[in-house]
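Participant: Sharing my_file_28.cif, mmCIF, C-alpha atoms:
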data_protein
#
loop_
_atom_site.label_atom_id
_atom_site.label_comp_id
_atom_site.auth_asym_id
_atom_site.auth_seq_id
_atom_site.Cartn_x
_atom_site.Cartn_y
_atom_site.Cartn_z
CA ALA G 28 -15.94 -31.32 46.23
CA GLY G 29 -17.32 -27.77 46.39
CA SER G 30 -16.21 -24.21 46.85
CA GLU G 31 -12.96 -23.16 48.47
CA LYS G 32 -14.75 -21.56 51.43
CA VAL G 33 -16.89 -24.64 52.06
CA GLN G 34 -13.91 -26.98 51.81
CA THR G 35 -11.86 -24.89 54.22
CA GLN G 36 -14.72 -24.68 56.71
CA ALA G 37 -15.48 -28.40 56.43
CA GLY G 38 -11.83 -29.18 57.05
CA GLY G 39 -11.91 -27.00 60.14
CA VAL G 40 -14.96 -28.85 61.46
CA LEU G 41 -13.29 -32.24 60.99
CA LYS G 42 -10.15 -30.98 62.72
CA VAL G 43 -12.15 -29.74 65.73
CA MET G 44 -13.97 -33.08 65.92
CA MET G 45 -10.68 -34.94 66.04
CA VAL G 46 -9.30 -32.75 68.80
CA ASP G 47 -12.38 -32.33 71.00
CA ARG G 48 -14.02 -35.77 70.95
CA ASP G 49 -13.13 -39.34 71.61
CA ASP G 50 -10.79 -40.27 68.81
CA PRO G 51 -12.90 -40.44 65.61
CA ARG G 52 -9.88 -40.64 63.26
CA GLU G 53 -10.51 -44.20 62.15
CA GLN G 54 -14.23 -43.56 61.71
CA ILE G 55 -13.45 -40.54 59.51
CA ALA G 56 -11.12 -42.75 57.47
CA GLU G 57 -13.68 -45.56 57.22
CA LEU G 58 -16.38 -43.14 56.05
CA GLY G 59 -14.26 -41.87 53.15
CA GLY G 60 -12.84 -38.76 54.80
CA ILE G 61 -9.34 -39.34 53.45
CA GLU G 62 -10.63 -39.63 49.89
CA LEU G 63 -12.66 -36.44 50.31
CA VAL G 64 -9.61 -34.55 51.55
CA GLY G 65 -7.64 -35.79 48.53
CA ALA G 66 -10.45 -34.79 46.16
CA ALA G 67 -10.54 -31.28 47.65
CA MET G 68 -6.76 -31.00 47.29
CA ARG G 69 -6.93 -32.00 43.62
CA GLU G 70 -9.96 -29.83 42.80
CA LEU G 71 -8.72 -26.73 44.62
CA ALA G 72 -5.00 -27.12 44.03
CA ALA G 73 -4.51 -23.36 43.61
CA SER G 74 -5.98 -22.55 47.04
CA VAL G 75 -3.33 -21.99 49.69
CA GLY G 76 -5.97 -22.21 52.44
CA VAL G 77 -7.40 -25.52 51.25
CA GLN G 78 -3.95 -27.04 50.77
CA ALA G 79 -2.72 -26.00 54.21
CA GLN G 80 -5.93 -27.18 55.91
CA ALA G 81 -5.93 -30.47 53.99
CA CYS G 82 -2.30 -31.19 54.90
CA SER G 83 -3.13 -30.44 58.53
CA LEU G 84 -6.13 -32.78 58.36
CA LEU G 85 -4.06 -35.61 56.87
CA ARG G 86 -1.47 -35.12 59.61
CA THR G 87 -4.15 -35.31 62.30
CA ILE G 88 -5.88 -38.30 60.72
CA ALA G 89 -2.52 -40.12 60.53
CA GLU G 90 -1.56 -39.32 64.11
CA HIS G 91 -1.49 -42.44 66.33
CA SER G 92 -3.05 -44.68 63.66
CA ASP G 93 -0.98 -46.93 61.43
CA PHE G 94 -4.26 -48.09 59.81
CA ASN G 95 -4.98 -44.50 58.73
CA LYS G 96 -1.41 -43.95 57.54
CA ILE G 97 -1.75 -46.93 55.22
CA LYS G 98 -5.17 -45.70 54.01
CA ILE G 99 -3.76 -42.23 53.33
CA ALA G 100 -0.98 -43.71 51.20
CA ALA G 101 -3.40 -46.02 49.35
CA ALA G 102 -5.71 -43.09 48.59
CA GLY G 103 -2.92 -41.01 47.02
CA GLY G 104 -2.57 -38.72 50.02
CA ILE G 105 1.22 -38.71 49.89
CA GLU G 106 1.18 -37.53 46.30
CA CYS G 107 -1.41 -34.85 47.14
CA VAL G 108 0.82 -33.49 49.91
CA VAL G 109 3.89 -33.42 47.64
CA VAL G 110 1.90 -31.68 44.88
CA ALA G 111 0.72 -29.10 47.43
CA MET G 112 4.34 -28.47 48.46
CA ARG G 113 5.45 -28.04 44.85
CA GLY G 114 2.50 -25.80 44.01
CA HIS G 115 2.87 -23.48 47.00
CA THR G 116 6.60 -23.16 47.58
CA GLY G 117 6.17 -19.59 48.83
CA SER G 118 3.57 -20.48 51.47
CA GLU G 119 5.21 -21.09 54.82
CA GLU G 120 1.93 -22.53 56.18
CA VAL G 121 1.51 -25.07 53.37
CA GLN G 122 5.15 -26.11 53.70
CA LYS G 123 4.89 -26.46 57.49
CA GLN G 124 1.65 -28.44 57.40
CA ALA G 125 2.89 -30.62 54.54
CA CYS G 126 6.18 -31.44 56.31
CA GLU G 127 4.24 -32.39 59.44
CA ALA G 128 1.82 -34.50 57.39
CA LEU G 129 4.63 -36.43 55.70
CA SER G 130 6.37 -36.95 59.04
CA HIS G 131 3.25 -38.45 60.62
CA ILE G 132 2.35 -40.52 57.54
CA ALA G 133 5.89 -42.00 57.49
CA SER G 134 6.13 -42.74 61.21
CA ARG G 135 6.27 -46.48 61.95
CA VAL G 136 5.12 -47.47 58.42
CA ALA G 137 8.14 -48.50 56.35
CA ASN G 138 6.22 -48.80 53.09
CA ASN G 139 4.98 -45.22 53.43
CA LYS G 140 8.58 -44.03 53.76
CA ILE G 141 9.33 -45.69 50.43
CA LYS G 142 6.24 -44.10 48.84
CA ILE G 143 7.27 -40.66 50.11
CA VAL G 144 10.72 -41.07 48.56
CA GLU G 145 9.21 -42.29 45.27
CA ALA G 146 6.76 -39.34 45.19
CA GLY G 147 9.59 -36.81 45.54
CA GLY G 148 8.80 -36.04 49.16
CA VAL G 149 12.41 -35.87 50.31
CA GLU G 150 13.27 -33.29 47.65
CA SER G 151 10.13 -31.30 48.52
CA VAL G 152 10.97 -31.27 52.23
CA LEU G 153 14.54 -30.17 51.53
CA ALA G 154 13.28 -27.43 49.20
CA ALA G 155 10.86 -26.27 51.91
CA MET G 156 13.68 -26.14 54.45
CA ARG G 157 15.87 -24.14 52.04
CA GLY G 158 13.02 -21.83 51.06
CA HIS G 159 11.90 -21.12 54.62
CA GLU G 160 15.16 -21.08 56.57
CA SER G 161 13.84 -18.66 59.19
CA SER G 162 10.63 -20.63 59.84
CA ALA G 163 10.86 -22.72 62.99
CA GLY G 164 7.69 -24.57 61.92
CA VAL G 165 9.22 -25.72 58.64
CA GLN G 166 12.65 -26.43 60.12
CA GLU G 167 11.27 -28.73 62.83
#
Taking this structure as input, can you express it in the form of structure tokens?

Facilitator:
Amino acid sequence: AGSEKVQTQAGGVLKVMMVDRDDPREQIAELGGIELVGAAMRELAASVGVQAQACSLLRTIAEHSDFNKIKIAAAGGIECVVVAMRGHTGSEEVQKQACEALSHIASRVANNKIKIVEAGGVESVLAAMRGHESSAGVQE
């Protein structure tokens, strides 16, 4: 997957593309973008920056696309987000981005809600809320 700096910058580029262009979310998913995000999360699990950026990317990719939500779950994205939460309990940014990612991945896809529960996502979200009580971003 590459160095931490390259992964963080590449994630930023994808995020800008999704915000500033006609919606390329499904194209990114079809071209293996979700799998690449997961690979970066696994390879650079100790990097707070990569984990926060990757969670943000998964949230954005999932937004408004049930197809992408299903692909994220199938590619192990839910587990990657939960692992990021467990590995970076002290990072408000990772917790915020991860909570938002899980919320978007779960929205309107019942099977993803089950997968989040099975992966320990509910416990991780509750731990984030307890650990970051003064963070509006995590509490939302």

Participant: Report, in Å to a single decimal, how far apart atom CA of Cys107 of chain G and atom CA of Met68 of chain G are.

Facilitator: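 We find that atom CA of Met68 of chain G and atom CA of Cys107 of chain G lie 6.6 Å from each other.
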
Participant: So which residues get picked by the PyMOL selection byres ((chain G and resi 102) around 8) here, written as a list in words?

Facilitator: Ile61, Glu62, Gly65, Lys98, Ile99, Ala100, Ala101, Gly103 and Gly104 of chain G

Participant: Could you dump the residues just selected with C-alpha atoms as a compact mmCIF listing (two decimals), in the frame of the given file?

Facilitator:
# COMPACT_ATOMS: atom_id res chain seq x y z
CA ILE G 61 -9.34 -39.34 53.45
CA GLU G 62 -10.63 -39.63 49.89
CA GLY G 65 -7.64 -35.79 48.53
CA LYS G 98 -5.17 -45.70 54.01
CA ILE G 99 -3.76 -42.23 53.33
CA ALA G 100 -0.98 -43.71 51.20
CA ALA G 101 -3.40 -46.02 49.35
CA GLY G 103 -2.92 -41.01 47.02
CA GLY G 104 -2.57 -38.72 50.02

Participant: Step by step, work through what the PyMOL selection byres ((chain G and resi 148) around 12) selects in the shown file, and finish by giving those residues as a PyMOL selection string.

Facilitator: chain G and resi 104-113+122+125-130+132-133+139-147+149-155

Participant: Have a look at atom CA of Ala67 of chain G and atom CA of Val136 of chain G and let me know their distance in Å, one decimal.

Facilitator: 25.0 Å

Participant: For the atom pair atom CA of Leu71 of chain G and atom CA of Gln166 of chain G, what is the interatomic distance in Å to one decimal place?

Facilitator: 26.4 Å

Participant: I'd like the neighbourhood of Asn95 of chain G as a ChimeraX atom specification, where a residue qualifies if any of its atoms comes within 8 Å (using all atoms listed in the file), though same-chain residues fewer than 5 positions away should be ignored.

Facilitator: /G:52-53,56,88-89

Participant: Quick one: apply the PyMOL selection byres ((chain G and resi 77) around 7) to the file and drop the selected residues here as number ranges by chain.

Facilitator: G: 31, 34-35, 68, 71, 74-76, 78-81

Participant: So, counting only C-alpha atoms, which residue among G:Gln124, G:Ser134, G:Ser83, G:Gln54 is closest to Lys96 of chain G?

Facilitator: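 The closest residue to Lys96 of chain G is G:Ser134.
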